[in-house]
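A.B. asks: To start, I am sharing the structure in question, which I have written as structure tokens.
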Amino acid sequence: MSAILYRFDGSPFSTKVSHLLLLKNIPHKWVNVSRVMPRPEIGEMLGIGHRRSPILAIGRDVYCDTFLISNVLERRFADTTTYPTIFPPKKNSNGATSISDATIMKLFAKHWAEDMLFFSVIIMGLTQFENLPAPFLRDRETLIGRVDVEKAIAERPAATSNLVAHLASLEDILVDGREWIFDTVGPSYADVSVVMTCRRAHLTLGPDKTVFNAETFPRITEWMARCDAHFEALEKGYTPEVITGDEAAACADAAENAYEDIETLVGFDKADGERLGVSVGDRVSATCPGSNPTEGVLVALSREEVVLETKGTKGTFRCHFPRIDLTIRRVVS
Ligand SMILES: N[C@@H](CCC(=O)N[C@@H](CS)C(=O)NCC(=O)O)C(=O)O
């Protein structure tokens, strides 16, 4: 079984999933999509409206959002001898990481590193909007709203100061000399997610070298170098083949098990279906925050995941989303 990552160069979340695939030793290919809309390999071919990058396909199952993708990698590649876990155990512990600890890692990564640091502090506070090519800025304004460039420039020093205040907590986490954020035997999901955020902050700050240096944040500087060395070594060992959207669809046709056993794995949460006013077989739309809706037929709904059947020019697919912050609506025709 192999996976196909729809991604683009310069997308930190794409790098995040690339690194998770490498950590887990999962064979995979890449479909390179455009940095801006439209992305026909996803919208037209798979019938998926979601526009956040990356997405991951395995057979005819397509997984959106890296929070869900992390669960799915562990679910679909469960044999940890061949596919090491992305939630490794703590040093000096006996046995595997519990669901409780893995969940804390995921929430720390999502709510602190991604939603807070990546989006609020870095993307909204530090992006040098004045240097972005106009078509790119216009495209991203459809997601984040109109940007007041003068205001953004004026507020940047305060945003940098806020970044430093947030990074002080990360420095404190690392101050006891631990190698990895959760003191695990190797890098975990949390390290992958937090380092992609720090790398983006470093890049976004451009010539400002006052934040990421060994004097201001000695532990963070060492930890980032450790992460880079680890992932560069993994990247040297595996170069994903780059294929087209057409070729990716042909892989879906050829997949031995076209679909996961969704009815058993995800099922249907009746109480939640009632809250949302939806049932299996309904036409619904699912929208992640800051994304476009995906429309399809509801196949499964749990507290963690929702699955819609979508139709694109390359056939029928099952599109999976994480439930956290997802908007689900019945489509009234
Ligand atoms: N919560 C999403 C966030 C992904 C995300 O924001 N990706 C950026 C690219 S790194 C994006 O979608 N940008 C707009 C776009 O690609 O159209 C996830 O974890 O997958």
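Note on naming: chains are A, B, ... as they come in the structure tokens, residues start from 1 per chain, ligands start from 1 in the order shown.
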Enumerate as a CSV table (one decimal) with N, CA and C atoms, in the first residue's frame all residues of region 1-222 of chain A assigned to strand (DSSP E) by DSSP on the backbone, naming them with the chain letters and numbers the document uses.
C.D. replies:
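What landed in states.csv:
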```csv
chain,number,residue,atom,x,y,z
A,3,ALA,N,0.9,5.8,-0.6
A,3,ALA,CA,0.1,7.0,-0.5
A,3,ALA,C,0.5,8.1,-1.5
A,4,ILE,N,-0.4,9.0,-1.8
A,4,ILE,CA,-0.1,10.0,-2.8
A,4,ILE,C,-0.3,11.4,-2.1
A,5,LEU,N,0.7,12.2,-2.1
A,5,LEU,CA,0.6,13.5,-1.4
A,5,LEU,C,0.4,14.6,-2.5
A,6,TYR,N,-0.7,15.3,-2.4
A,6,TYR,CA,-0.9,16.5,-3.2
A,6,TYR,C,-0.4,17.7,-2.5
A,7,ARG,N,0.7,18.3,-3.0
A,7,ARG,CA,1.4,19.3,-2.3
A,7,ARG,C,2.0,20.3,-3.2
A,28,HIS,N,5.6,6.6,-0.9
A,28,HIS,CA,4.6,7.6,-1.3
A,28,HIS,C,5.1,8.3,-2.6
A,29,LYS,N,4.1,8.9,-3.3
A,29,LYS,CA,4.4,9.7,-4.5
A,29,LYS,C,3.9,11.1,-4.2
A,30,TRP,N,4.3,12.0,-5.1
A,30,TRP,CA,3.8,13.4,-5.0
A,30,TRP,C,3.1,13.8,-6.2
A,31,VAL,N,2.0,14.5,-6.0
A,31,VAL,CA,1.4,15.3,-7.1
A,31,VAL,C,1.7,16.8,-6.8
A,32,ASN,N,2.4,17.4,-7.6
A,32,ASN,CA,2.7,18.9,-7.4
A,32,ASN,C,1.5,19.7,-7.9
A,55,ILE,N,-3.3,17.5,0.7
A,55,ILE,CA,-4.2,16.4,1.0
A,55,ILE,C,-3.5,15.1,0.7
A,56,LEU,N,-4.0,14.0,1.2
A,56,LEU,CA,-3.3,12.7,1.0
A,56,LEU,C,-4.3,11.7,0.5
A,57,ALA,N,-4.0,10.9,-0.6
A,57,ALA,CA,-4.8,9.9,-1.1
A,57,ALA,C,-4.2,8.5,-0.9
A,58,ILE,N,-5.1,7.6,-0.5
A,58,ILE,CA,-4.7,6.2,-0.4
A,58,ILE,C,-5.8,5.4,-1.1
A,61,ASP,N,-9.6,6.6,-1.1
A,61,ASP,CA,-9.9,7.5,0.1
A,61,ASP,C,-8.9,8.7,0.0
A,62,VAL,N,-9.5,9.8,0.3
A,62,VAL,CA,-8.7,11.1,0.2
A,62,VAL,C,-8.9,11.8,1.6
A,63,TYR,N,-7.8,12.1,2.2
A,63,TYR,CA,-7.8,12.6,3.6
A,63,TYR,C,-7.4,14.1,3.5
A,64,CYS,N,-8.2,15.0,4.1
A,64,CYS,CA,-8.0,16.4,4.2
A,64,CYS,C,-7.6,16.8,5.6
```
A.B. asks: Just the alpha helix (DSSP H) stuff from region 233-329 of chain A, please, per backbone DSSP, written as a ChimeraX atom specification.
C.D. replies: /A:233-237,245-254,262-265,270-276
A.B. asks: Export, as a short mmCIF file (atom, residue, chain, number, x, y, z; two decimals), in the first residue's frame, the selected residues with N, CA and C atoms.
C.D. replies:
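Dumped everything to again_13.cif:
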```cif
data_model
loop_
_atom_site.label_atom_id
_atom_site.label_comp_id
_atom_site.auth_asym_id
_atom_site.auth_seq_id
_atom_site.Cartn_x
_atom_site.Cartn_y
_atom_site.Cartn_z
N ALA A 233 18.52 13.68 6.71
CA ALA A 233 19.01 12.30 6.54
C ALA A 233 17.88 11.42 5.95
N LEU A 234 16.66 11.59 6.46
CA LEU A 234 15.54 10.80 5.93
C LEU A 234 15.27 11.16 4.47
N GLU A 235 15.36 12.46 4.15
CA GLU A 235 15.10 12.90 2.76
C GLU A 235 16.14 12.34 1.81
N LYS A 236 17.38 12.20 2.29
CA LYS A 236 18.43 11.63 1.42
C LYS A 236 18.13 10.17 1.11
N GLY A 237 17.44 9.50 2.02
CA GLY A 237 17.18 8.08 1.86
C GLY A 237 15.95 7.77 1.01
N GLY A 245 -1.75 14.40 -11.94
CA GLY A 245 -3.07 14.09 -11.39
C GLY A 245 -3.70 12.90 -12.11
N ASP A 246 -3.49 12.81 -13.44
CA ASP A 246 -4.03 11.67 -14.20
C ASP A 246 -3.41 10.37 -13.72
N GLU A 247 -2.09 10.41 -13.52
CA GLU A 247 -1.41 9.18 -13.06
C GLU A 247 -1.86 8.80 -11.66
N ALA A 248 -2.10 9.82 -10.82
CA ALA A 248 -2.57 9.53 -9.45
C ALA A 248 -3.93 8.83 -9.52
N ALA A 249 -4.80 9.30 -10.42
CA ALA A 249 -6.13 8.68 -10.54
C ALA A 249 -5.99 7.24 -11.04
N ALA A 250 -5.01 7.01 -11.91
CA ALA A 250 -4.78 5.63 -12.39
C ALA A 250 -4.34 4.75 -11.23
N CYS A 251 -3.57 5.31 -10.29
CA CYS A 251 -3.15 4.53 -9.10
C CYS A 251 -4.39 4.16 -8.28
N ALA A 252 -5.36 5.10 -8.19
CA ALA A 252 -6.60 4.82 -7.43
C ALA A 252 -7.34 3.67 -8.11
N ASP A 253 -7.37 3.68 -9.46
CA ASP A 253 -8.04 2.60 -10.20
C ASP A 253 -7.37 1.26 -9.90
N ALA A 254 -6.04 1.31 -9.79
CA ALA A 254 -5.29 0.05 -9.65
C ALA A 254 -5.21 -0.43 -8.21
N ILE A 262 -14.97 1.95 6.06
CA ILE A 262 -15.45 3.15 6.75
C ILE A 262 -16.62 2.86 7.67
N GLU A 263 -17.49 1.96 7.21
CA GLU A 263 -18.69 1.67 8.01
C GLU A 263 -18.26 1.17 9.40
N THR A 264 -17.20 0.33 9.46
CA THR A 264 -16.74 -0.18 10.75
C THR A 264 -15.85 0.84 11.45
N LEU A 265 -14.92 1.45 10.71
CA LEU A 265 -13.91 2.31 11.35
C LEU A 265 -14.47 3.64 11.81
N LYS A 270 -25.36 8.44 15.76
CA LYS A 270 -26.75 8.84 15.54
C LYS A 270 -27.07 10.16 16.27
N ALA A 271 -26.58 10.25 17.51
CA ALA A 271 -26.89 11.45 18.31
C ALA A 271 -26.31 12.69 17.62
N ASP A 272 -25.12 12.56 17.11
CA ASP A 272 -24.50 13.71 16.47
C ASP A 272 -25.16 14.01 15.12
N GLY A 273 -25.57 12.94 14.44
CA GLY A 273 -26.31 13.13 13.19
C GLY A 273 -27.57 13.94 13.45
N GLU A 274 -28.25 13.62 14.58
CA GLU A 274 -29.48 14.38 14.92
C GLU A 274 -29.16 15.83 15.23
N ARG A 275 -28.09 16.05 15.98
CA ARG A 275 -27.70 17.45 16.31
C ARG A 275 -27.49 18.25 15.03
N LEU A 276 -26.87 17.60 14.05
CA LEU A 276 -26.51 18.33 12.82
C LEU A 276 -27.62 18.25 11.77
#
```
A.B. asks: Could the residues that lie within 7 Å of ligand 1, counting only C-alpha atoms and all ligand atoms, be listed as a list in words?
C.D. replies: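 Checked against 7 Å with only C-alpha atoms and all ligand atoms; the hits are Ser11, Pro12, Phe13, Ser14, Arg35, Val36, Met37, Arg51, Arg52, Ser53, Pro54, Cys64, Asp65, Thr66, Phe67 and Arg140 of chain A.
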A.B. asks: Near Ala152 (chain A), within 10 Å and counting only C-alpha atoms, which residues show up once chain neighbours fewer than 5 positions away are dropped, as an mmCIF file with C-alpha atoms, in the first residue's frame?
C.D. replies:
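Written out: out38.cif:
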```cif
data_model
loop_
_atom_site.group_PDB
_atom_site.id
_atom_site.type_symbol
_atom_site.label_atom_id
_atom_site.label_comp_id
_atom_site.auth_asym_id
_atom_site.auth_seq_id
_atom_site.Cartn_x
_atom_site.Cartn_y
_atom_site.Cartn_z
ATOM 1 C CA MET A 124 -1.206 37.265 10.052
ATOM 2 C CA GLY A 125 1.431 39.187 12.055
ATOM 3 C CA LEU A 126 4.722 38.716 10.257
ATOM 4 C CA THR A 127 4.085 38.021 6.574
ATOM 5 C CA GLN A 128 5.745 40.632 4.375
ATOM 6 C CA PHE A 129 2.605 41.198 2.354
ATOM 7 C CA GLU A 130 4.285 44.106 0.549
ATOM 8 C CA VAL A 147 -4.927 42.863 3.848
ATOM 9 C CA PRO A 157 7.559 44.891 15.469
ATOM 10 C CA ALA A 159 4.059 40.872 16.235
#
```
A.B. asks: Can you measure CA of Lys311 (chain A) to CA of Leu298 (chain A) for me? One decimal in Å is fine.
C.D. replies: 12.4 Å
A.B. asks: Can you work out which one of A:Thr184, A:Thr316, A:Thr216, A:Thr97 has the shortest atom-to-atom distance to Ala165 (chain A), counting only C-alpha atoms?
C.D. replies: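 Nearest to Ala165 (chain A): A:Thr216.
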A.B. asks: Near Phe118 (chain A), counting only C-alpha atoms, which residues have an atom at most 8 Å away, once you skip same-chain residues fewer than 5 positions from it, shown as a PyMOL selection string?
C.D. replies: chain A and resi 113+123+197+200-201
A.B. asks: What's around region 290-297 of chain A at 7 Å? Count only C-alpha atoms, leave out sequence neighbours fewer than 5 positions away in its own chain, and write the answer as a list in words.
C.D. replies: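 In the requested form, the answer reads Ile48, Gly49, His50, Arg51, Arg52, Leu143, Gly281, Asp282, Arg283, Val284, Ser285, Leu308, Glu309 and Thr310 of chain A.
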A.B. asks: How would the residues just picked look written out with C-alpha atoms as a CSV table (one decimal), in the first residue's frame?
C.D. replies:
```csv
chain,number,residue,atom,x,y,z
A,48,ILE,CA,-13.1,17.9,-3.7
A,49,GLY,CA,-13.7,21.6,-3.0
A,50,HIS,CA,-11.4,21.8,0.1
A,51,ARG,CA,-8.5,24.1,-0.7
A,52,ARG,CA,-6.1,23.7,2.2
A,143,LEU,CA,-8.9,33.1,2.5
A,281,GLY,CA,-27.1,9.2,2.1
A,282,ASP,CA,-27.9,13.0,2.5
A,283,ARG,CA,-26.1,15.4,0.3
A,284,VAL,CA,-24.0,17.6,2.6
A,285,SER,CA,-21.2,20.1,2.5
A,308,LEU,CA,-18.4,12.2,2.1
A,309,GLU,CA,-18.6,10.5,-1.3
A,310,THR,CA,-17.5,12.9,-4.0
```
A.B. asks: Residues within 10 Å of Thr15 (chain A), please, as an NGL selection string. Count only C-alpha atoms; anything in the same chain fewer than 6 positions from it doesn't count.
C.D. replies: :A and (7-9 or 21 or 54 or 192-193 or 196)
A.B. asks: Counting only C-alpha atoms, which residue out of A:Ala229, A:Ala190, A:Val17, A:Ala158 sits closest to Ile104 (chain A)?
C.D. replies: A:Ala190
A.B. asks: Using only C-alpha atoms, which of the listed residues (A:Leu167, A:Val242, A:Ala286, A:Leu73) sits closest to Leu22 (chain A)?
C.D. replies: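 So, comparing all the options, the nearest one is A:Leu73.
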A.B. asks: Find, counting only C-alpha atoms, the residue in A:Ile324, A:Cys227, A:Ile26, A:Val175 that gets nearest to Thr82 (chain A).
C.D. replies: A:Ile26
A.B. asks: Set the distance at 12 Å and use only C-alpha atoms: which residues neighbour Ser98 (chain A) once local chain neighbours fewer than 4 positions away are removed? I'd like the list as a list in words.
C.D. replies: Thr85, Phe87, Pro88, Pro89, Lys90, Ser93, Asn94, Ala102, Thr103, Ile104 and Met105 of chain A
A.B. asks: What is the distance between CA of Ile328 (chain A) and CA of Gly47 (chain A), in Å to one decimal?
C.D. replies: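 For CA of Ile328 (chain A) relative to CA of Gly47 (chain A), the distance reads 17.0 Å.
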A.B. asks: Could you check the closest approach to Val194 (chain A) for each of A:Phe77, A:Phe317, A:Phe119, A:Phe108 and tell me which residue wins, using only C-alpha atoms?
C.D. replies: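 The answer is A:Phe108, which sits nearest to Val194 (chain A).
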